[in-house]
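Everything below belongs to protein_26.json, which stores JSON, C-alpha atoms.
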[["chain", "number", "residue", "atom", "x", "y", "z"],
["A", 246, "THR", "CA", 6.80, -39.47, 55.37],
["A", 247, "ASP", "CA", 6.13, -38.75, 51.73],
["A", 248, "GLU", "CA", 2.47, -38.40, 50.76],
["A", 249, "SER", "CA", 1.41, -41.21, 48.49],
["A", 250, "VAL", "CA", 1.07, -39.26, 45.26],
["A", 251, "GLY", "CA", 0.96, -42.50, 43.27],
["A", 252, "ALA", "CA", -2.23, -43.54, 45.08],
["A", 253, "THR", "CA", -3.95, -40.29, 44.08],
["A", 254, "LYS", "CA", -2.47, -40.00, 40.59],
["A", 255, "ARG", "CA", -5.75, -40.78, 38.83],
["A", 256, "VAL", "CA", -7.60, -38.23, 40.97],
["A", 257, "PHE", "CA", -4.92, -35.65, 40.21],
["A", 258, "GLU", "CA", -5.06, -36.32, 36.48],
["A", 259, "ALA", "CA", -8.85, -36.33, 36.29],
["A", 260, "ALA", "CA", -9.41, -33.23, 38.45],
["A", 261, "SER", "CA", -11.19, -30.33, 36.77],
["A", 262, "ASP", "CA", -9.13, -27.95, 38.92],
["A", 263, "CYS", "CA", -5.92, -26.72, 37.32],
["A", 264, "MET", "CA", -3.32, -28.44, 39.51],
["A", 265, "ALA", "CA", 0.46, -28.57, 39.45],
["A", 266, "ILE", "CA", 3.24, -29.64, 41.78],
["A", 267, "ILE", "CA", 6.18, -27.25, 42.08],
["A", 268, "ALA", "CA", 9.62, -28.01, 43.53],
["A", 269, "ALA", "CA", 10.36, -26.00, 46.66],
["A", 270, "GLN", "CA", 14.06, -25.97, 45.84],
["A", 271, "ASP", "CA", 13.94, -24.07, 42.57],
["A", 272, "GLY", "CA", 10.30, -23.44, 41.60],
["A", 273, "ARG", "CA", 10.31, -25.87, 38.67],
["A", 274, "PHE", "CA", 7.23, -27.87, 37.74],
["A", 275, "LEU", "CA", 7.36, -31.49, 38.84],
["A", 276, "ALA", "CA", 3.87, -32.46, 37.67],
["A", 277, "ALA", "CA", 0.81, -30.89, 36.07],
["A", 278, "ASN", "CA", -2.62, -32.27, 35.29],
["A", 279, "PRO", "CA", -4.42, -31.87, 31.93],
["A", 280, "ALA", "CA", -6.55, -29.01, 33.25],
["A", 281, "PHE", "CA", -3.41, -27.05, 34.13],
["A", 282, "GLU", "CA", -1.92, -27.80, 30.72],
["A", 283, "SER", "CA", -5.11, -26.55, 29.08],
["A", 284, "LEU", "CA", -5.13, -23.37, 31.17],
["A", 285, "THR", "CA", -1.53, -22.44, 30.39],
["A", 286, "GLY", "CA", -1.30, -23.86, 26.88],
["A", 287, "TYR", "CA", 1.87, -25.78, 27.82],
["A", 288, "ALA", "CA", 2.22, -29.56, 27.79],
["A", 289, "PHE", "CA", 3.99, -30.95, 30.84],
["A", 290, "GLY", "CA", 6.98, -31.79, 28.66],
["A", 291, "GLU", "CA", 7.40, -28.01, 28.29],
["A", 292, "LEU", "CA", 6.37, -27.04, 31.82],
["A", 293, "GLN", "CA", 9.02, -29.24, 33.41],
["A", 294, "TRP", "CA", 11.69, -26.86, 32.08],
["A", 295, "LEU", "CA", 9.94, -23.76, 33.39],
["A", 296, "HIS", "CA", 9.88, -22.04, 36.77],
["A", 297, "LEU", "CA", 6.62, -20.89, 38.33],
["A", 298, "TRP", "CA", 7.49, -17.20, 37.84],
["A", 299, "GLU", "CA", 8.01, -17.75, 34.12],
["A", 300, "LEU", "CA", 4.22, -18.08, 33.84],
["A", 301, "TRP", "CA", 3.78, -14.64, 35.38],
["A", 302, "ARG", "CA", 3.57, -11.53, 33.24],
["A", 303, "PRO", "CA", 7.22, -10.59, 32.49],
["A", 304, "ASP", "CA", 7.14, -7.28, 34.38],
["A", 305, "ARG", "CA", 5.93, -9.04, 37.54],
["A", 306, "THR", "CA", 8.35, -11.96, 37.87],
["A", 307, "ASP", "CA", 9.98, -10.41, 40.94],
["A", 308, "GLU", "CA", 6.56, -10.32, 42.61],
["A", 309, "ALA", "CA", 6.06, -13.99, 41.67],
["A", 310, "ARG", "CA", 9.35, -14.96, 43.33],
["A", 311, "LEU", "CA", 8.25, -13.19, 46.52],
["A", 312, "VAL", "CA", 4.87, -14.97, 46.46],
["A", 313, "PHE", "CA", 6.64, -18.31, 46.01],
["A", 314, "ARG", "CA", 9.03, -17.58, 48.89],
["A", 315, "ASP", "CA", 6.18, -16.49, 51.20],
["A", 316, "LEU", "CA", 4.18, -19.63, 50.38],
["A", 317, "LEU", "CA", 7.14, -21.83, 51.25],
["A", 318, "LYS", "CA", 7.59, -19.99, 54.53],
["A", 319, "ALA", "CA", 3.90, -20.09, 55.46],
["A", 320, "GLY", "CA", 3.26, -23.63, 54.21],
["A", 321, "SER", "CA", 0.05, -22.62, 52.45],
["A", 322, "GLY", "CA", -1.80, -19.67, 51.00],
["A", 323, "SER", "CA", -4.74, -18.71, 48.81],
["A", 324, "GLY", "CA", -6.39, -15.74, 47.17],
["A", 325, "THR", "CA", -3.36, -14.50, 45.24],
["A", 326, "GLU", "CA", -4.32, -13.02, 41.87],
["A", 327, "VAL", "CA", -1.87, -14.02, 39.17],
["A", 328, "PRO", "CA", -1.34, -12.26, 35.81],
["A", 329, "LEU", "CA", -0.83, -15.58, 34.01],
["A", 330, "LEU", "CA", 1.04, -15.51, 30.71],
["A", 331, "LYS", "CA", -0.20, -18.32, 28.49],
["A", 332, "LYS", "CA", 1.92, -19.97, 25.82],
["A", 333, "ASP", "CA", 0.06, -18.12, 23.06],
["A", 334, "GLY", "CA", 0.93, -14.76, 24.66],
["A", 335, "GLN", "CA", -2.53, -14.14, 26.12],
["A", 336, "ILE", "CA", -2.58, -12.79, 29.67],
["A", 337, "ILE", "CA", -5.40, -13.94, 31.94],
["A", 338, "THR", "CA", -6.12, -13.39, 35.61],
["A", 339, "ALA", "CA", -5.96, -16.52, 37.73],
["A", 340, "GLU", "CA", -6.45, -17.02, 41.44],
["A", 341, "PHE", "CA", -3.61, -19.02, 42.94],
["A", 342, "ALA", "CA", -3.67, -21.26, 46.02],
["A", 343, "ALA", "CA", -1.01, -23.67, 47.26],
["A", 344, "ARG", "CA", 0.04, -25.84, 50.17],
["A", 345, "ALA", "CA", 3.26, -27.60, 51.06],
["A", 346, "LEU", "CA", 3.70, -31.35, 50.65],
["A", 347, "ARG", "CA", 6.37, -33.99, 50.05],
["A", 348, "TYR", "CA", 6.59, -35.32, 46.51],
["A", 349, "GLN", "CA", 8.99, -38.04, 45.38],
["A", 350, "GLY", "CA", 11.30, -37.43, 48.32],
["A", 351, "GLN", "CA", 11.49, -33.65, 48.08],
["A", 352, "ASP", "CA", 9.67, -30.61, 49.45],
["A", 353, "ALA", "CA", 7.14, -29.19, 47.04],
["A", 354, "LEU", "CA", 4.00, -27.11, 46.68],
["A", 355, "LEU", "CA", 0.68, -28.42, 45.41],
["A", 356, "SER", "CA", -0.83, -25.49, 43.53],
["A", 357, "ILE", "CA", -4.30, -24.85, 42.18],
["A", 358, "MET", "CA", -5.17, -22.09, 39.73],
["A", 359, "VAL", "CA", -8.66, -20.88, 38.80],
["A", 360, "ASP", "CA", -9.28, -18.62, 35.82],
["A", 361, "ILE", "CA", -11.12, -15.57, 37.19],
["A", 362, "THR", "CA", -10.74, -13.43, 34.06],
["A", 363, "PRO", "CA", -14.53, -13.26, 33.41],
["A", 364, "ARG", "CA", -15.14, -12.10, 36.98],
["A", 365, "LYS", "CA", -12.43, -9.43, 36.78],
["A", 366, "GLU", "CA", -13.79, -8.19, 33.44],
["A", 367, "ALA", "CA", -17.29, -7.96, 34.95],
["A", 368, "GLU", "CA", -15.86, -5.99, 37.88],
["A", 369, "ARG", "CA", -14.15, -3.60, 35.47],
["A", 370, "ARG", "CA", -17.38, -3.15, 33.50],
["A", 371, "ASP", "CA", -19.29, -2.43, 36.69],
["A", 372, "ALA", "CA", -16.66, 0.09, 37.79],
["A", 373, "ARG", "CA", -16.86, 1.81, 34.41],
["A", 374, "LEU", "CA", -20.66, 1.93, 34.59],
["A", 375, "ASP", "CA", -20.42, 3.49, 38.04],
["A", 376, "GLU", "CA", -18.02, 6.11, 36.68],
["A", 377, "LEU", "CA", -20.40, 6.88, 33.81],
["A", 378, "ARG", "CA", -23.38, 7.12, 36.15],
["A", 379, "THR", "CA", -21.47, 9.56, 38.34],
["A", 380, "ALA", "CA", -20.54, 11.59, 35.26],
["A", 381, "LEU", "CA", -24.17, 11.57, 34.13],
["A", 382, "GLN", "CA", -25.33, 12.82, 37.52],
["A", 383, "GLU", "CA", -22.84, 15.68, 37.22],
["A", 384, "VAL", "CA", -23.70, 16.49, 33.60],
["A", 385, "GLU", "CA", -27.48, 16.10, 33.78],
["A", 386, "PRO", "CA", -28.13, 19.38, 35.67],
["A", 387, "LYS", "CA", -25.99, 21.22, 33.09],
["A", 388, "THR", "CA", -27.93, 19.54, 30.26],
["A", 389, "ALA", "CA", -31.21, 20.51, 31.88],
["A", 390, "ALA", "CA", -29.99, 24.09, 32.26],
["A", 391, "ALA", "CA", -28.93, 24.14, 28.60],
["A", 392, "LEU", "CA", -32.36, 22.86, 27.56],
["A", 393, "GLU", "CA", -34.04, 25.56, 29.64],
["A", 394, "ALA", "CA", -31.79, 28.25, 28.14],
["A", 395, "ALA", "CA", -32.46, 26.95, 24.62],
["A", 396, "ALA", "CA", -36.20, 26.98, 25.24],
["A", 397, "GLU", "CA", -36.06, 30.56, 26.56],
["A", 398, "ALA", "CA", -33.95, 31.67, 23.59],
["A", 399, "ALA", "CA", -36.38, 29.97, 21.21],
["A", 400, "THR", "CA", -39.29, 31.82, 22.81],
["A", 401, "GLN", "CA", -37.48, 35.13, 22.42],
["A", 402, "ALA", "CA", -36.51, 34.33, 18.83],
["A", 403, "SER", "CA", -40.12, 33.44, 18.04],
["A", 404, "ALA", "CA", -41.33, 36.74, 19.46],
["A", 405, "LEU", "CA", -38.63, 38.60, 17.53],
["A", 406, "SER", "CA", -39.62, 36.80, 14.32],
["A", 407, "ASP", "CA", -43.23, 37.88, 14.81],
["A", 408, "ARG", "CA", -42.19, 41.50, 15.28],
["A", 409, "LEU", "CA", -39.93, 41.46, 12.21],
["A", 410, "THR", "CA", -42.39, 39.94, 9.77],
["A", 411, "GLY", "CA", -42.45, 43.29, 7.98],
["A", 412, "ASP", "CA", -38.74, 43.04, 7.21],
["A", 413, "PRO", "CA", -38.17, 39.90, 5.08],
["A", 414, "GLU", "CA", -34.38, 39.80, 5.64],
["A", 415, "LEU", "CA", -34.45, 40.22, 9.42],
["A", 416, "GLY", "CA", -37.51, 38.01, 9.70],
["A", 417, "GLY", "CA", -35.72, 35.26, 7.75],
["A", 418, "ARG", "CA", -32.69, 35.46, 10.02],
["A", 419, "ALA", "CA", -34.89, 35.28, 13.09],
["A", 420, "ALA", "CA", -36.63, 32.21, 11.63],
["A", 421, "GLN", "CA", -33.27, 30.56, 10.96],
["A", 422, "LEU", "CA", -32.18, 31.29, 14.54],
["A", 423, "LEU", "CA", -35.40, 29.80, 15.84],
["A", 424, "ALA", "CA", -34.92, 26.65, 13.73],
["A", 425, "SER", "CA", -31.32, 26.29, 14.96],
["A", 426, "LEU", "CA", -32.37, 26.67, 18.60],
["A", 427, "GLU", "CA", -35.13, 24.09, 18.17],
["A", 428, "ALA", "CA", -32.58, 21.69, 16.60],
["A", 429, "VAL", "CA", -30.16, 22.23, 19.50],
["A", 430, "SER", "CA", -32.93, 21.66, 22.03],
["A", 431, "SER", "CA", -34.05, 18.49, 20.23],
["A", 432, "ARG", "CA", -30.48, 17.16, 20.08],
["A", 433, "LEU", "CA", -29.85, 17.87, 23.77],
["A", 434, "THR", "CA", -33.03, 15.98, 24.66],
["A", 435, "GLU", "CA", -31.99, 13.05, 22.42],
["A", 436, "ILE", "CA", -28.50, 12.90, 24.01],
["A", 437, "GLN", "CA", -30.01, 12.96, 27.49],
["A", 438, "GLU", "CA", -32.41, 10.12, 26.68],
["A", 439, "GLN", "CA", -29.71, 8.01, 24.98],
["A", 440, "THR", "CA", -27.35, 8.44, 27.93],
["A", 441, "ARG", "CA", -30.01, 7.44, 30.42],
["A", 442, "ALA", "CA", -30.90, 4.38, 28.33],
["A", 443, "ALA", "CA", -27.24, 3.34, 28.03],
["A", 444, "LEU", "CA", -26.73, 3.63, 31.78],
["A", 445, "GLY", "CA", -29.96, 1.95, 32.83],
["A", 446, "PRO", "CA", -30.14, -0.54, 35.71],
["A", 447, "HIS", "CA", -28.08, -3.72, 35.27],
["A", 448, "LYS", "CA", -27.95, -6.95, 37.18],
["A", 449, "GLU", "CA", -25.36, -7.20, 39.90],
["A", 450, "GLN", "CA", -22.59, -9.62, 39.09],
["A", 451, "GLN", "CA", -22.40, -12.45, 41.60],
["A", 452, "PRO", "CA", -18.80, -13.08, 42.71],
["A", 453, "LEU", "CA", -17.32, -16.42, 41.88],
["A", 454, "HIS", "CA", -15.72, -18.39, 44.65],
["A", 455, "PRO", "CA", -12.67, -20.34, 43.49],
["A", 456, "LYS", "CA", -12.15, -23.65, 45.20],
["A", 457, "GLU", "CA", -9.51, -23.60, 47.88],
["A", 458, "ALA", "CA", -6.48, -25.86, 47.79],
["A", 459, "PRO", "CA", -6.98, -29.18, 49.55],
["A", 460, "THR", "CA", -5.80, -29.32, 53.15]]
How does the structure come out when it is put into structure tokens?
Amino acid sequence: TDESVGATKRVFEAASDCMAIIAAQDGRFLAANPAFESLTGYAFGELQWLHLWELWRPDRTDEARLVFRDLLKAGSGSGTEVPLLKKDGQIITAEFAARALRYQGQDALLSIMVDITPRKEAERRDARLDELRTALQEVEPKTAAALEAAAEAATQASALSDRLTGDPELGGRAAQLLASLEAVSSRLTEIQEQTRAALGPHKEQQPLHPKEAPT
């Protein structure tokens, strides 16, 4: 028998979860609550003319059709990450869950979407930080070696400058070389300290757990 959608209409409308009902026959939207309208940017009057895959990023509509077909075959599913194309052209990442039901005499899917864009952005930031830390670990020994070489060259230049004090021209060049080496050494130290500060410890991001579709 058909599930009594009318009896739960107020719950459906008031839900904070982004919920929609999709026709199994052709993937069109049969209903959508305000939260779903807010997420996508479309009013239901617009959604009712769209197919589910039309909310996917254009280059992934074939994938969306396959997901829809697999959900119909399995009867339910969750954890699918959707590149959702909003009405304003913005693309967000949403986690998609759905289960089969009967709605107004026809087979349908009750779908729930959760915006996980902040979580995905945090994961990308963490991955980038890990890459930079790895790069720093590889570069740091080279920087240390360069600092050591600069210090040794500065010592030699200082000794040369002392020996050439009787020759103003050569002594001046040696002094310039010494100043340049000291500047290089200072800059290398500054870069090393700035890089370490930029890649200091950061708090681990706690994963968000989207609510599963009702069973």
Selection: 9 Å around Arg310 in chain A, all atoms listed in the file, excl. self and same-chain fewer than 3 positions, as a PyMOL selection string: chain A and resi 272+297-298+305-307+313-315
Once you count all atoms listed in the file, what closest atom pair and distance in Å to one decimal does each residue of range 353-374 of chain A within 8 Å of range 253-267 of chain A have, with rows by chain and rising residue number, as a tab-separated table?
residue	atom	partner	partner_atom	distance
A:Ala353	CA	A:Ile267	CA	5.4
A:Leu354	CA	A:Ile267	CA	5.1
A:Leu355	CA	A:Ile266	CA	4.6
A:Ser356	CA	A:Ala265	CA	5.3
A:Ile357	CA	A:Met264	CA	4.6
A:Met358	CA	A:Cys263	CA	5.3
A:Val359	CA	A:Cys263	CA	6.6
Distance in Å - CA of Asp352 in chain A versus CA of Ala269 in chain A: 5.4 Å
Computed interatomic separation between CA of Glu291 in chain A and CA of Val312 in chain A (Å):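 Taking CA of Glu291 in chain A as the start and CA of Val312 in chain A as the end point, the length is 22.5 Å.
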